[in-house]
Amino acid sequence: MASPTASQIRPQGFAWIGERLVALALFLLGFGLMFRPIIAEGFHRSIGDGGDGLILIATLEHWFNVLSGHPVGGGWRDPGFFYPYGNALGLTDNYFVYAIPYCALRLLSVGSLTAYTLVIGMFATIGYWAMYALGRRWPRSATGTAAIGAFVFAFGAMPMFKLYHGQTYTIMLAPAIGLLLLAARRQGPLWRRLAYAGAAGLVYGAILFSAAQTAWFLGFVGMLAMLYWLARARPALAALRPALPLAGCFAAGLAIAFVPTAELYMHGIGLRHARSFAEAKGIFAPFVLDIIQVQPGNLLWFDLLKYLGIAGRPTRQLLEVALGYTPVFLGLTVAGAIVLRRRAPPGRAEADDLAAEACVAGAILAWLLELNYFGTRPWWLVFHLVPGASGIRTPFRIQLAGLFFMCLAYSHIAARLWADALRKSVRRAVGTGLLLTLCVVEQFGPPPLMRRSADVDAWLSIATKPPFPCEAFYLVPEVDPSERWSEHQADAMILSQKIGLPTLNGNSSWLPDGWKLMHTESPDYAANVVDWVRTQHVAGPVCGVDPRAGRWVAGLPDASR
């Protein structure tokens with residue numbers, strides 16, 4: 001018997017209202033799970049840690065200082081880190097799309113840590129409802145399954161865990177790009193359709209400018225999905241011609257957004273820089289079973305997968321390889337795509353079914369390219385042939401982009417399977433309903449990594465400039481041995497923005513040539529500080545600081561120790 005068509009899936013009457021309520025309930029559930037530690041502790045926590053999380057805050061504070069007319073380093077490309085290196089913002093992600101609402105909140109006197117947490121909440125809201133709307137429109141789905149897809153995308157185990165690296169959550173703008181492209185395809189005045197396509201290019205370019213790796217992953221998985229669709233659909237060239245003006249406007253919007261990207265990163269990292277393939281295929285590369293590896297604390301799966309030797313292995317780089325899909329979600333989506341393909345008459349697959357199949361194929365192909373096949377990784381070809389790939393040392397983060405396409409496909413596939421089950425028997429409907437429910441429950445796990453806001457606010461609130469002339473500061477040797485090196489560097493960066501004084505210290509994906517001030521506990525740290533000041537021709541007075549103790553030291557450290 002033929003599968004129900006897209007129009008037959010759509011709810012009517014009270015069912016329509018009920019499924020809208022399901023969408024609202026899942027949003028409230030996801031939002032509550034995401035922010036439960038903050039709510040439970042009276043808003044005394046904020047998203048992020050004292051290392052990478054505080055670096056992100058320091059970068060957002062740089063944008064706020066730029067907007068206020070007082071950039072620490074003297075320009076928008078120079079946040080005052082790695083002083084006197086002048087283009088430090090171009091050494092890593094700059095979080096510009098976060099900075100827009102962040103600066104608005106800071107102008108309203110909201111504290112820096114709270115402002116960032118509110119920004120993440122805002123992006124979660126955008127990501128959920130945009131994904132919900134996209135899932136209902138393309139491929140067309142029942143509102144209930146679209147809501148589950150949106151829940152997994154915005155509040156699922158994978159994005160919540162990876163908020164440790166806050167730049168990855170810029171993927172929440174991906175559904176907005178999809179909605180704009182859908183609007184460009186609809187009937188209407190050509191100028192309006194072209195404007196929608198151009199706006200989609202601008203949003204994609206904004207992600208590229210803010211978190212280049214996220215945009216690259218999104219584009220690469222999208223390209224794989226498109227190639228698969230072309231191979232399966234085999235459209236006539238004439239059928240593709242109407243899309244050319246839209247593609248041109250998308251490219252134009254992207255080109256406009258690319259101007260500041262080129263301005264920043266050509267002066268920062270530069271095109272001459274690339275990582276070695278050894279980094280990409282080392283501890284950051286996935287194994288076969290990482291496709292279902294979940295994070296510690298996952299309610300349903302972690303203990304079982306740990307027992308099976310899949311999850312929680314101490315020799316793996318947990319933060320970069322625990323990015324698997326939850327098993328029921330993955331199994332239902334992939335198996336459902338296969339069922340719909342086998343059900344379709346040869347060469348007559350429904351357009352929505354084929355689109356969902358292509359989304360699944362793009363996500364799975366991205367994973368397959370990263371695997372080790374008897375000592376050979378196909379990612380080597382991607383790394384050396386695809387522009388931008390050679391700058392990526394953590395390729396498995398592509399799972400976040402894959403999740404977007406998988407959730408989009410899931411919304412449609414689950415709707416088709418649910419409608420089919422309702423038509424066949426009560427037993428099948430109950431079984432399918434349980435699977436759909438499990439797709440939500442299996443996402444339950446720990447909230448995003450959070451810090452106690454008071455721990456940072458306490459020392460920042462009393463931080464002052466040095467009591468003597470000082471052009472820039474460095475961290476004193478052996479500063480607070482209870483902290484990790486990444487926390488030391490983050491302290492210097494956030495203090496720099498707070499008091500308006502550049503710092504020789506810093507931390508980023510790339511480091512300036514000759515800079516060796518990462519580890520303050522290193523025996524040669526003091527000598528490295530002196531060497532950096534001399535080789536970089538820092539003429540003015542330099543001073544040292546123990547940030548959390550508020551202790552300032554005039555002059556350079558004793559390099560003879």
# chains A, B, ... in the order shown; residues from 1 in each chain; ligands from 1
$ residues_around --residues "stretch 121-125 of chain A" --least-positions-apart "6" --cutoff "8 Å" --atoms "only C-alpha atoms" --output "PDB file with C-alpha atoms, in the first residue's frame"
ATOM      1  CA  PHE A  31      14.621  25.202  27.882  1.00  0.00           C
ATOM      2  CA  ALA A 154      18.362  22.784  19.924  1.00  0.00           C
ATOM      3  CA  PHE A 155      18.321  20.921  23.250  1.00  0.00           C
ATOM      4  CA  TYR A 169      26.081  26.876  18.973  1.00  0.00           C
ATOM      5  CA  THR A 170      26.101  29.331  16.075  1.00  0.00           C
ATOM      6  CA  MET A 172      21.325  27.498  15.628  1.00  0.00           C
ATOM      7  CA  LEU A 173      21.148  29.988  12.733  1.00  0.00           C
TER       8      LEU A 173
END
$ residues_around --residues "A:Trp515" --least-positions-apart "3" --cutoff "12 Å" --atoms "only C-alpha atoms" --output "short mmCIF file (atom, residue, chain, number, x, y, z; two decimals) with N, CA and C atoms, in the first residue's frame"
data_model
loop_
_atom_site.label_atom_id
_atom_site.label_comp_id
_atom_site.auth_asym_id
_atom_site.auth_seq_id
_atom_site.Cartn_x
_atom_site.Cartn_y
_atom_site.Cartn_z
N PHE A 81 45.21 41.25 23.20
CA PHE A 81 45.82 39.99 23.62
C PHE A 81 47.11 39.78 22.85
N PHE A 82 48.03 39.02 23.43
CA PHE A 82 49.33 38.74 22.81
C PHE A 82 50.08 40.04 22.46
N TYR A 83 49.88 41.08 23.26
CA TYR A 83 50.49 42.38 22.99
C TYR A 83 52.00 42.22 22.74
N PRO A 84 52.55 42.91 21.73
CA PRO A 84 51.94 43.92 20.87
C PRO A 84 51.45 43.38 19.51
N TYR A 85 51.17 42.08 19.41
CA TYR A 85 50.64 41.53 18.17
C TYR A 85 49.33 42.24 17.84
N LEU A 504 50.32 40.70 27.53
CA LEU A 504 51.21 39.87 26.71
C LEU A 504 50.67 38.45 26.58
N ASN A 505 49.79 38.07 27.49
CA ASN A 505 49.26 36.70 27.51
C ASN A 505 48.04 36.58 26.61
N GLY A 506 47.53 35.36 26.50
CA GLY A 506 46.35 35.10 25.68
C GLY A 506 46.22 33.63 25.36
N ASN A 507 45.18 33.29 24.65
CA ASN A 507 44.95 31.90 24.25
C ASN A 507 44.03 31.91 23.04
N SER A 508 44.33 31.10 22.05
CA SER A 508 43.50 31.04 20.85
C SER A 508 43.85 29.78 20.07
N TRP A 510 45.15 29.61 17.10
CA TRP A 510 46.47 29.84 16.52
C TRP A 510 47.23 30.78 17.44
N LEU A 511 48.55 30.69 17.43
CA LEU A 511 49.37 31.52 18.30
C LEU A 511 50.35 32.33 17.45
N PRO A 512 50.68 33.54 17.88
CA PRO A 512 51.66 34.34 17.13
C PRO A 512 53.01 33.63 17.08
N MET A 518 52.52 30.38 27.32
CA MET A 518 51.33 29.62 27.65
C MET A 518 51.34 29.11 29.09
N HIS A 519 52.47 28.57 29.53
CA HIS A 519 52.52 27.89 30.82
C HIS A 519 53.34 28.71 31.82
N TYR A 525 59.53 30.25 31.79
CA TYR A 525 58.47 31.22 31.52
C TYR A 525 58.97 32.65 31.66
N ALA A 527 61.97 33.85 31.42
CA ALA A 527 62.87 34.18 30.32
C ALA A 527 62.10 34.41 29.03
N ASN A 528 61.02 33.66 28.83
CA ASN A 528 60.20 33.83 27.62
C ASN A 528 59.48 35.17 27.62
N VAL A 529 59.05 35.62 28.80
CA VAL A 529 58.42 36.94 28.89
C VAL A 529 59.43 38.02 28.48
N VAL A 530 60.62 37.93 29.03
CA VAL A 530 61.66 38.92 28.71
C VAL A 530 62.00 38.87 27.22
N ASP A 531 62.11 37.67 26.68
CA ASP A 531 62.44 37.52 25.27
C ASP A 531 61.35 38.10 24.38
N TRP A 532 60.08 37.86 24.72
CA TRP A 532 58.97 38.39 23.92
C TRP A 532 58.98 39.92 23.92
N VAL A 533 59.21 40.53 25.09
CA VAL A 533 59.24 41.99 25.18
C VAL A 533 60.36 42.56 24.32
N ARG A 534 61.51 41.91 24.34
CA ARG A 534 62.66 42.43 23.59
C ARG A 534 62.51 42.21 22.09
N THR A 535 62.09 41.02 21.68
CA THR A 535 61.97 40.73 20.25
C THR A 535 60.83 41.50 19.60
N GLN A 536 59.82 41.85 20.39
CA GLN A 536 58.68 42.59 19.85
C GLN A 536 58.83 44.10 20.04
#
$ closest_atom_pairs --of "stretch 440-502 of chain A" --to "stretch 280-302 of chain A" --cutoff "10 Å" --atoms "only C-alpha atoms" --output "Markdown table"
| residue | atom | partner | partner_atom | distance |
| --- | --- | --- | --- | --- |
| A:Val441 | CA | A:Leu300 | CA | 7.8 |
| A:Glu442 | CA | A:Leu300 | CA | 5.6 |
| A:Gln443 | CA | A:Asn298 | CA | 7.1 |
| A:Phe444 | CA | A:Leu299 | CA | 5.6 |
| A:Gly445 | CA | A:Asn298 | CA | 4.2 |
| A:Pro446 | CA | A:Gly297 | CA | 5.7 |
| A:Pro447 | CA | A:Gly297 | CA | 9.4 |
$ residues_around --residues "A:Glu370" --least-positions-apart "3" --cutoff "8 Å" --atoms "only C-alpha atoms" --output "list in words"
Ala285, Pro286, Ala366, Trp367, Arg377, Pro378, Trp379, Pro395 and Phe396 of chain A
$ write_last_selection --atoms "N, CA and C atoms" --output "short mmCIF file (atom, residue, chain, number, x, y, z; two decimals), in the first residue's frame"
data_model
loop_
_atom_site.label_atom_id
_atom_site.label_comp_id
_atom_site.auth_asym_id
_atom_site.auth_seq_id
_atom_site.Cartn_x
_atom_site.Cartn_y
_atom_site.Cartn_z
N ALA A 285 40.11 12.36 15.68
CA ALA A 285 39.39 11.64 14.63
C ALA A 285 38.49 10.56 15.24
N PRO A 286 37.33 10.30 14.63
CA PRO A 286 36.40 9.33 15.20
C PRO A 286 36.73 7.89 14.84
N ALA A 366 29.49 12.28 5.59
CA ALA A 366 30.51 13.09 6.29
C ALA A 366 31.23 12.26 7.34
N TRP A 367 30.48 11.42 8.06
CA TRP A 367 31.08 10.54 9.06
C TRP A 367 31.94 9.46 8.40
N ARG A 377 42.51 7.13 5.38
CA ARG A 377 41.33 7.94 5.70
C ARG A 377 40.94 8.77 4.48
N PRO A 378 39.72 8.62 3.95
CA PRO A 378 39.28 9.49 2.85
C PRO A 378 39.33 10.97 3.19
N TRP A 379 39.31 11.28 4.49
CA TRP A 379 39.39 12.70 4.87
C TRP A 379 40.68 13.33 4.39
N PRO A 395 37.85 17.41 13.07
CA PRO A 395 36.85 17.20 12.02
C PRO A 395 35.54 16.61 12.52
N PHE A 396 35.54 15.92 13.67
CA PHE A 396 34.30 15.27 14.10
C PHE A 396 33.28 16.28 14.62
#
$ residues_around --residues "stretch 351-363 of chain A" --least-positions-apart "6" --cutoff "8 Å" --atoms "only C-alpha atoms" --output "VMD selection string"
chain A and resid 6 138 to 140 221 to 226 228 to 229 232 to 233 333 to 334 337 to 338 340 to 341 399 401 to 403 405 to 406 408 to 410 412 to 413
$ write_last_selection --atoms "N, CA and C atoms" --output "mmCIF file, in the first residue's frame"
data_model
loop_
_atom_site.group_PDB
_atom_site.id
_atom_site.type_symbol
_atom_site.label_atom_id
_atom_site.label_comp_id
_atom_site.auth_asym_id
_atom_site.auth_seq_id
_atom_site.Cartn_x
_atom_site.Cartn_y
_atom_site.Cartn_z
ATOM 1 N N ALA A 6 2.309 13.967 1.697
ATOM 2 C CA ALA A 6 2.609 15.027 2.655
ATOM 3 C C ALA A 6 1.347 15.717 3.132
ATOM 4 N N TRP A 138 9.624 22.005 4.939
ATOM 5 C CA TRP A 138 10.449 21.232 4.001
ATOM 6 C C TRP A 138 11.407 20.333 4.745
ATOM 7 N N PRO A 139 11.306 19.022 4.643
ATOM 8 C CA PRO A 139 10.162 18.318 4.071
ATOM 9 C C PRO A 139 8.937 18.509 4.959
ATOM 10 N N ARG A 140 7.751 18.438 4.379
ATOM 11 C CA ARG A 140 6.531 18.707 5.141
ATOM 12 C C ARG A 140 6.281 17.605 6.155
ATOM 13 N N VAL A 221 28.563 19.490 4.566
ATOM 14 C CA VAL A 221 27.506 18.482 4.643
ATOM 15 C C VAL A 221 26.393 18.816 3.655
ATOM 16 N N GLY A 222 26.078 20.100 3.520
ATOM 17 C CA GLY A 222 25.080 20.506 2.540
ATOM 18 C C GLY A 222 25.500 20.150 1.125
ATOM 19 N N MET A 223 26.787 20.303 0.824
ATOM 20 C CA MET A 223 27.285 19.938 -0.500
ATOM 21 C C MET A 223 27.154 18.435 -0.737
ATOM 22 N N LEU A 224 27.484 17.617 0.271
ATOM 23 C CA LEU A 224 27.339 16.167 0.131
ATOM 24 C C LEU A 224 25.879 15.786 -0.096
ATOM 25 N N ALA A 225 24.974 16.420 0.651
ATOM 26 C CA ALA A 225 23.555 16.135 0.475
ATOM 27 C C ALA A 225 23.085 16.529 -0.919
ATOM 28 N N MET A 226 23.558 17.674 -1.408
ATOM 29 C CA MET A 226 23.167 18.131 -2.741
ATOM 30 C C MET A 226 23.689 17.203 -3.825
ATOM 31 N N TYR A 228 24.317 14.034 -3.518
ATOM 32 C CA TYR A 228 23.524 12.814 -3.448
ATOM 33 C C TYR A 228 22.164 13.026 -4.122
ATOM 34 N N TRP A 229 21.551 14.159 -3.841
ATOM 35 C CA TRP A 229 20.241 14.449 -4.443
ATOM 36 C C TRP A 229 20.337 14.524 -5.964
ATOM 37 N N ARG A 232 20.565 11.066 -7.383
ATOM 38 C CA ARG A 232 19.313 10.293 -7.302
ATOM 39 C C ARG A 232 18.204 10.891 -8.159
ATOM 40 N N ALA A 233 18.064 12.216 -8.131
ATOM 41 C CA ALA A 233 16.953 12.853 -8.847
ATOM 42 C C ALA A 233 17.245 13.004 -10.342
ATOM 43 N N THR A 333 15.827 7.299 12.056
ATOM 44 C CA THR A 333 16.001 8.182 10.905
ATOM 45 C C THR A 333 16.604 7.445 9.715
ATOM 46 N N VAL A 334 17.662 6.693 9.962
ATOM 47 C CA VAL A 334 18.323 5.974 8.871
ATOM 48 C C VAL A 334 17.437 4.852 8.343
ATOM 49 N N ALA A 337 14.527 6.255 6.386
ATOM 50 C CA ALA A 337 14.906 6.699 5.045
ATOM 51 C C ALA A 337 15.012 5.517 4.088
ATOM 52 N N ILE A 338 15.556 4.407 4.589
ATOM 53 C CA ILE A 338 15.685 3.207 3.756
ATOM 54 C C ILE A 338 14.310 2.645 3.405
ATOM 55 N N LEU A 340 11.405 4.251 3.226
ATOM 56 C CA LEU A 340 10.725 5.113 2.262
ATOM 57 C C LEU A 340 11.312 4.951 0.869
ATOM 58 N N ARG A 341 12.622 4.753 0.793
ATOM 59 C CA ARG A 341 13.222 4.560 -0.529
ATOM 60 C C ARG A 341 12.759 3.247 -1.160
ATOM 61 N N GLN A 399 29.686 16.783 13.199
ATOM 62 C CA GLN A 399 28.455 16.166 13.669
ATOM 63 C C GLN A 399 27.378 17.200 13.974
ATOM 64 N N ALA A 401 26.777 19.954 12.333
ATOM 65 C CA ALA A 401 26.135 20.255 11.054
ATOM 66 C C ALA A 401 25.326 19.058 10.571
ATOM 67 N N GLY A 402 25.894 17.852 10.759
ATOM 68 C CA GLY A 402 25.152 16.655 10.398
ATOM 69 C C GLY A 402 23.846 16.545 11.164
ATOM 70 N N LEU A 403 23.858 16.946 12.445
ATOM 71 C CA LEU A 403 22.651 16.888 13.261
ATOM 72 C C LEU A 403 21.552 17.766 12.675
ATOM 73 N N PHE A 405 20.957 18.437 9.505
ATOM 74 C CA PHE A 405 20.346 17.741 8.373
ATOM 75 C C PHE A 405 19.592 16.498 8.833
ATOM 76 N N MET A 406 20.107 15.801 9.842
ATOM 77 C CA MET A 406 19.423 14.612 10.345
ATOM 78 C C MET A 406 18.091 14.989 11.008
ATOM 79 N N LEU A 408 16.244 17.588 10.317
ATOM 80 C CA LEU A 408 15.340 17.981 9.248
ATOM 81 C C LEU A 408 14.732 16.750 8.587
ATOM 82 N N ALA A 409 15.584 15.757 8.316
ATOM 83 C CA ALA A 409 15.094 14.515 7.717
ATOM 84 C C ALA A 409 14.177 13.770 8.684
ATOM 85 N N TYR A 410 14.565 13.733 9.951
ATOM 86 C CA TYR A 410 13.763 13.031 10.964
ATOM 87 C C TYR A 410 12.340 13.575 11.011
ATOM 88 N N HIS A 412 10.419 14.720 8.816
ATOM 89 C CA HIS A 412 9.582 14.185 7.739
ATOM 90 C C HIS A 412 9.436 12.669 7.819
ATOM 91 N N ILE A 413 10.554 11.984 8.027
ATOM 92 C CA ILE A 413 10.521 10.512 8.053
ATOM 93 C C ILE A 413 9.636 10.010 9.179
#
$ atom_distance --atom1 "atom CA of A:Ala472" --atom2 "atom CA of A:Pro260"
27.6 Å
$ residues_around --residues "stretch 489-497 of chain A" --least-positions-apart "4" --cutoff "8 Å" --atoms "only C-alpha atoms" --output "tab-separated table (two decimals) with C-alpha atoms, in the first residue's frame"
chain	number	residue	atom	x	y	z
A	50	GLY	CA	36.90	29.36	33.53
A	51	GLY	CA	38.96	28.50	30.45
A	52	ASP	CA	37.46	28.57	26.96
A	54	LEU	CA	35.96	33.01	29.86
A	55	ILE	CA	37.96	33.55	26.67
A	57	ILE	CA	33.43	36.41	27.36
A	58	ALA	CA	36.68	38.37	26.96
A	61	GLU	CA	33.80	42.30	25.96
A	62	HIS	CA	36.22	43.38	23.26
A	65	ASN	CA	34.58	48.06	24.13
A	72	VAL	CA	41.86	48.00	24.45
A	79	PRO	CA	41.59	43.14	21.36
A	80	GLY	CA	44.87	43.67	23.24
A	81	PHE	CA	45.82	39.99	23.62
A	460	LEU	CA	36.75	41.18	38.67
A	463	ALA	CA	40.19	44.59	39.82
A	474	TYR	CA	51.95	39.76	31.89
A	475	LEU	CA	51.00	36.99	34.29
A	485	TRP	CA	47.02	26.96	32.35
A	501	LEU	CA	45.18	47.48	29.52
A	502	PRO	CA	46.73	45.13	26.92
A	503	THR	CA	48.26	41.84	28.03
A	505	ASN	CA	49.26	36.70	27.51
A	506	GLY	CA	46.35	35.10	25.68
A	507	ASN	CA	44.95	31.90	24.25
A	518	MET	CA	51.33	29.62	27.65
A	547	PRO	CA	44.85	38.56	38.65
A	548	ARG	CA	42.80	36.85	41.34
$ residues_around --residues "stretch 103-112 of chain A" --least-positions-apart "5" --cutoff "10 Å" --atoms "only C-alpha atoms" --output "VMD selection string"
chain A and resid 46 57 to 58 60 to 68 98 117 to 119 453 457
$ write_last_selection --atoms "N, CA and C atoms" --output "short mmCIF file (atom, residue, chain, number, x, y, z; two decimals), in the first residue's frame"
data_model
loop_
_atom_site.label_atom_id
_atom_site.label_comp_id
_atom_site.auth_asym_id
_atom_site.auth_seq_id
_atom_site.Cartn_x
_atom_site.Cartn_y
_atom_site.Cartn_z
N SER A 46 26.28 30.62 35.37
CA SER A 46 26.24 31.07 33.98
C SER A 46 26.90 30.02 33.10
N ILE A 57 33.93 35.18 26.73
CA ILE A 57 33.43 36.41 27.36
C ILE A 57 34.39 37.57 27.11
N ALA A 58 35.70 37.31 27.20
CA ALA A 58 36.68 38.37 26.96
C ALA A 58 36.56 38.89 25.53
N LEU A 60 33.83 38.83 23.63
CA LEU A 60 32.60 39.61 23.54
C LEU A 60 32.76 40.97 24.22
N GLU A 61 33.51 41.01 25.32
CA GLU A 61 33.80 42.30 25.96
C GLU A 61 34.62 43.20 25.05
N HIS A 62 35.48 42.58 24.24
CA HIS A 62 36.22 43.38 23.26
C HIS A 62 35.25 44.07 22.30
N TRP A 63 34.25 43.32 21.80
CA TRP A 63 33.28 43.94 20.89
C TRP A 63 32.52 45.05 21.60
N PHE A 64 32.21 44.85 22.87
CA PHE A 64 31.51 45.89 23.63
C PHE A 64 32.38 47.13 23.79
N ASN A 65 33.67 46.92 24.02
CA ASN A 65 34.58 48.06 24.13
C ASN A 65 34.74 48.78 22.80
N VAL A 66 34.72 48.01 21.70
CA VAL A 66 34.77 48.63 20.38
C VAL A 66 33.54 49.50 20.17
N LEU A 67 32.36 48.95 20.50
CA LEU A 67 31.12 49.71 20.35
C LEU A 67 31.12 50.96 21.23
N SER A 68 31.73 50.85 22.40
CA SER A 68 31.78 51.98 23.33
C SER A 68 32.84 53.00 22.93
N TYR A 98 27.08 36.53 18.22
CA TYR A 98 26.73 36.63 19.63
C TYR A 98 26.88 38.08 20.12
N THR A 117 24.87 34.25 28.90
CA THR A 117 23.91 33.19 29.14
C THR A 117 22.56 33.51 28.49
N LEU A 118 22.14 34.77 28.57
CA LEU A 118 20.90 35.18 27.91
C LEU A 118 21.01 35.08 26.40
N VAL A 119 22.19 35.36 25.85
CA VAL A 119 22.40 35.23 24.41
C VAL A 119 22.24 33.78 23.98
N SER A 453 28.97 32.16 38.84
CA SER A 453 29.25 33.53 38.42
C SER A 453 29.98 34.33 39.50
N ASP A 457 32.97 37.09 39.29
CA ASP A 457 32.59 38.46 39.63
C ASP A 457 33.34 38.98 40.85
#
$ residues_around --residues "A:Val22" --least-positions-apart "2" --cutoff "10 Å" --atoms "only C-alpha atoms" --output "mmCIF file with N, CA and C atoms, in the first residue's frame"
data_model
loop_
_atom_site.group_PDB
_atom_site.id
_atom_site.type_symbol
_atom_site.label_atom_id
_atom_site.label_comp_id
_atom_site.auth_asym_id
_atom_site.auth_seq_id
_atom_site.Cartn_x
_atom_site.Cartn_y
_atom_site.Cartn_z
ATOM 1 N N TRP A 16 -4.585 19.737 15.170
ATOM 2 C CA TRP A 16 -3.679 20.849 14.824
ATOM 3 C C TRP A 16 -3.331 21.631 16.088
ATOM 4 N N ILE A 17 -4.346 21.921 16.917
ATOM 5 C CA ILE A 17 -4.100 22.666 18.159
ATOM 6 C C ILE A 17 -3.270 21.827 19.120
ATOM 7 N N GLY A 18 -3.597 20.538 19.223
ATOM 8 C CA GLY A 18 -2.873 19.668 20.134
ATOM 9 C C GLY A 18 -1.402 19.566 19.785
ATOM 10 N N GLU A 19 -1.098 19.476 18.517
ATOM 11 C CA GLU A 19 0.306 19.339 18.130
ATOM 12 C C GLU A 19 1.058 20.651 18.285
ATOM 13 N N ARG A 20 0.363 21.783 18.183
ATOM 14 C CA ARG A 20 1.016 23.058 18.506
ATOM 15 C C ARG A 20 1.364 23.103 19.992
ATOM 16 N N LEU A 24 5.029 23.587 21.904
ATOM 17 C CA LEU A 24 5.312 24.509 23.008
ATOM 18 C C LEU A 24 5.824 23.752 24.228
ATOM 19 N N ALA A 25 5.212 22.594 24.521
ATOM 20 C CA ALA A 25 5.632 21.807 25.682
ATOM 21 C C ALA A 25 7.069 21.317 25.534
ATOM 22 N N LEU A 26 7.444 20.871 24.330
ATOM 23 C CA LEU A 26 8.814 20.403 24.117
ATOM 24 C C LEU A 26 9.812 21.549 24.213
ATOM 25 N N PHE A 27 9.414 22.725 23.754
ATOM 26 C CA PHE A 27 10.310 23.883 23.901
ATOM 27 C C PHE A 27 10.527 24.197 25.374
ATOM 28 N N LEU A 28 9.455 24.252 26.142
ATOM 29 C CA LEU A 28 9.582 24.557 27.571
ATOM 30 C C LEU A 28 10.382 23.478 28.297
ATOM 31 N N THR A 143 3.237 18.528 12.874
ATOM 32 C CA THR A 143 3.869 19.455 13.818
ATOM 33 C C THR A 143 4.513 18.720 14.992
ATOM 34 N N GLY A 144 3.964 17.555 15.362
ATOM 35 C CA GLY A 144 4.538 16.807 16.476
ATOM 36 C C GLY A 144 5.930 16.307 16.172
ATOM 37 N N THR A 145 6.133 15.692 15.024
ATOM 38 C CA THR A 145 7.462 15.187 14.688
ATOM 39 C C THR A 145 8.421 16.335 14.378
ATOM 40 N N ALA A 147 8.409 19.100 15.944
ATOM 41 C CA ALA A 147 8.800 19.587 17.266
ATOM 42 C C ALA A 147 9.868 18.697 17.885
ATOM 43 N N ILE A 148 9.752 17.380 17.690
ATOM 44 C CA ILE A 148 10.785 16.478 18.218
ATOM 45 C C ILE A 148 12.115 16.746 17.513
#
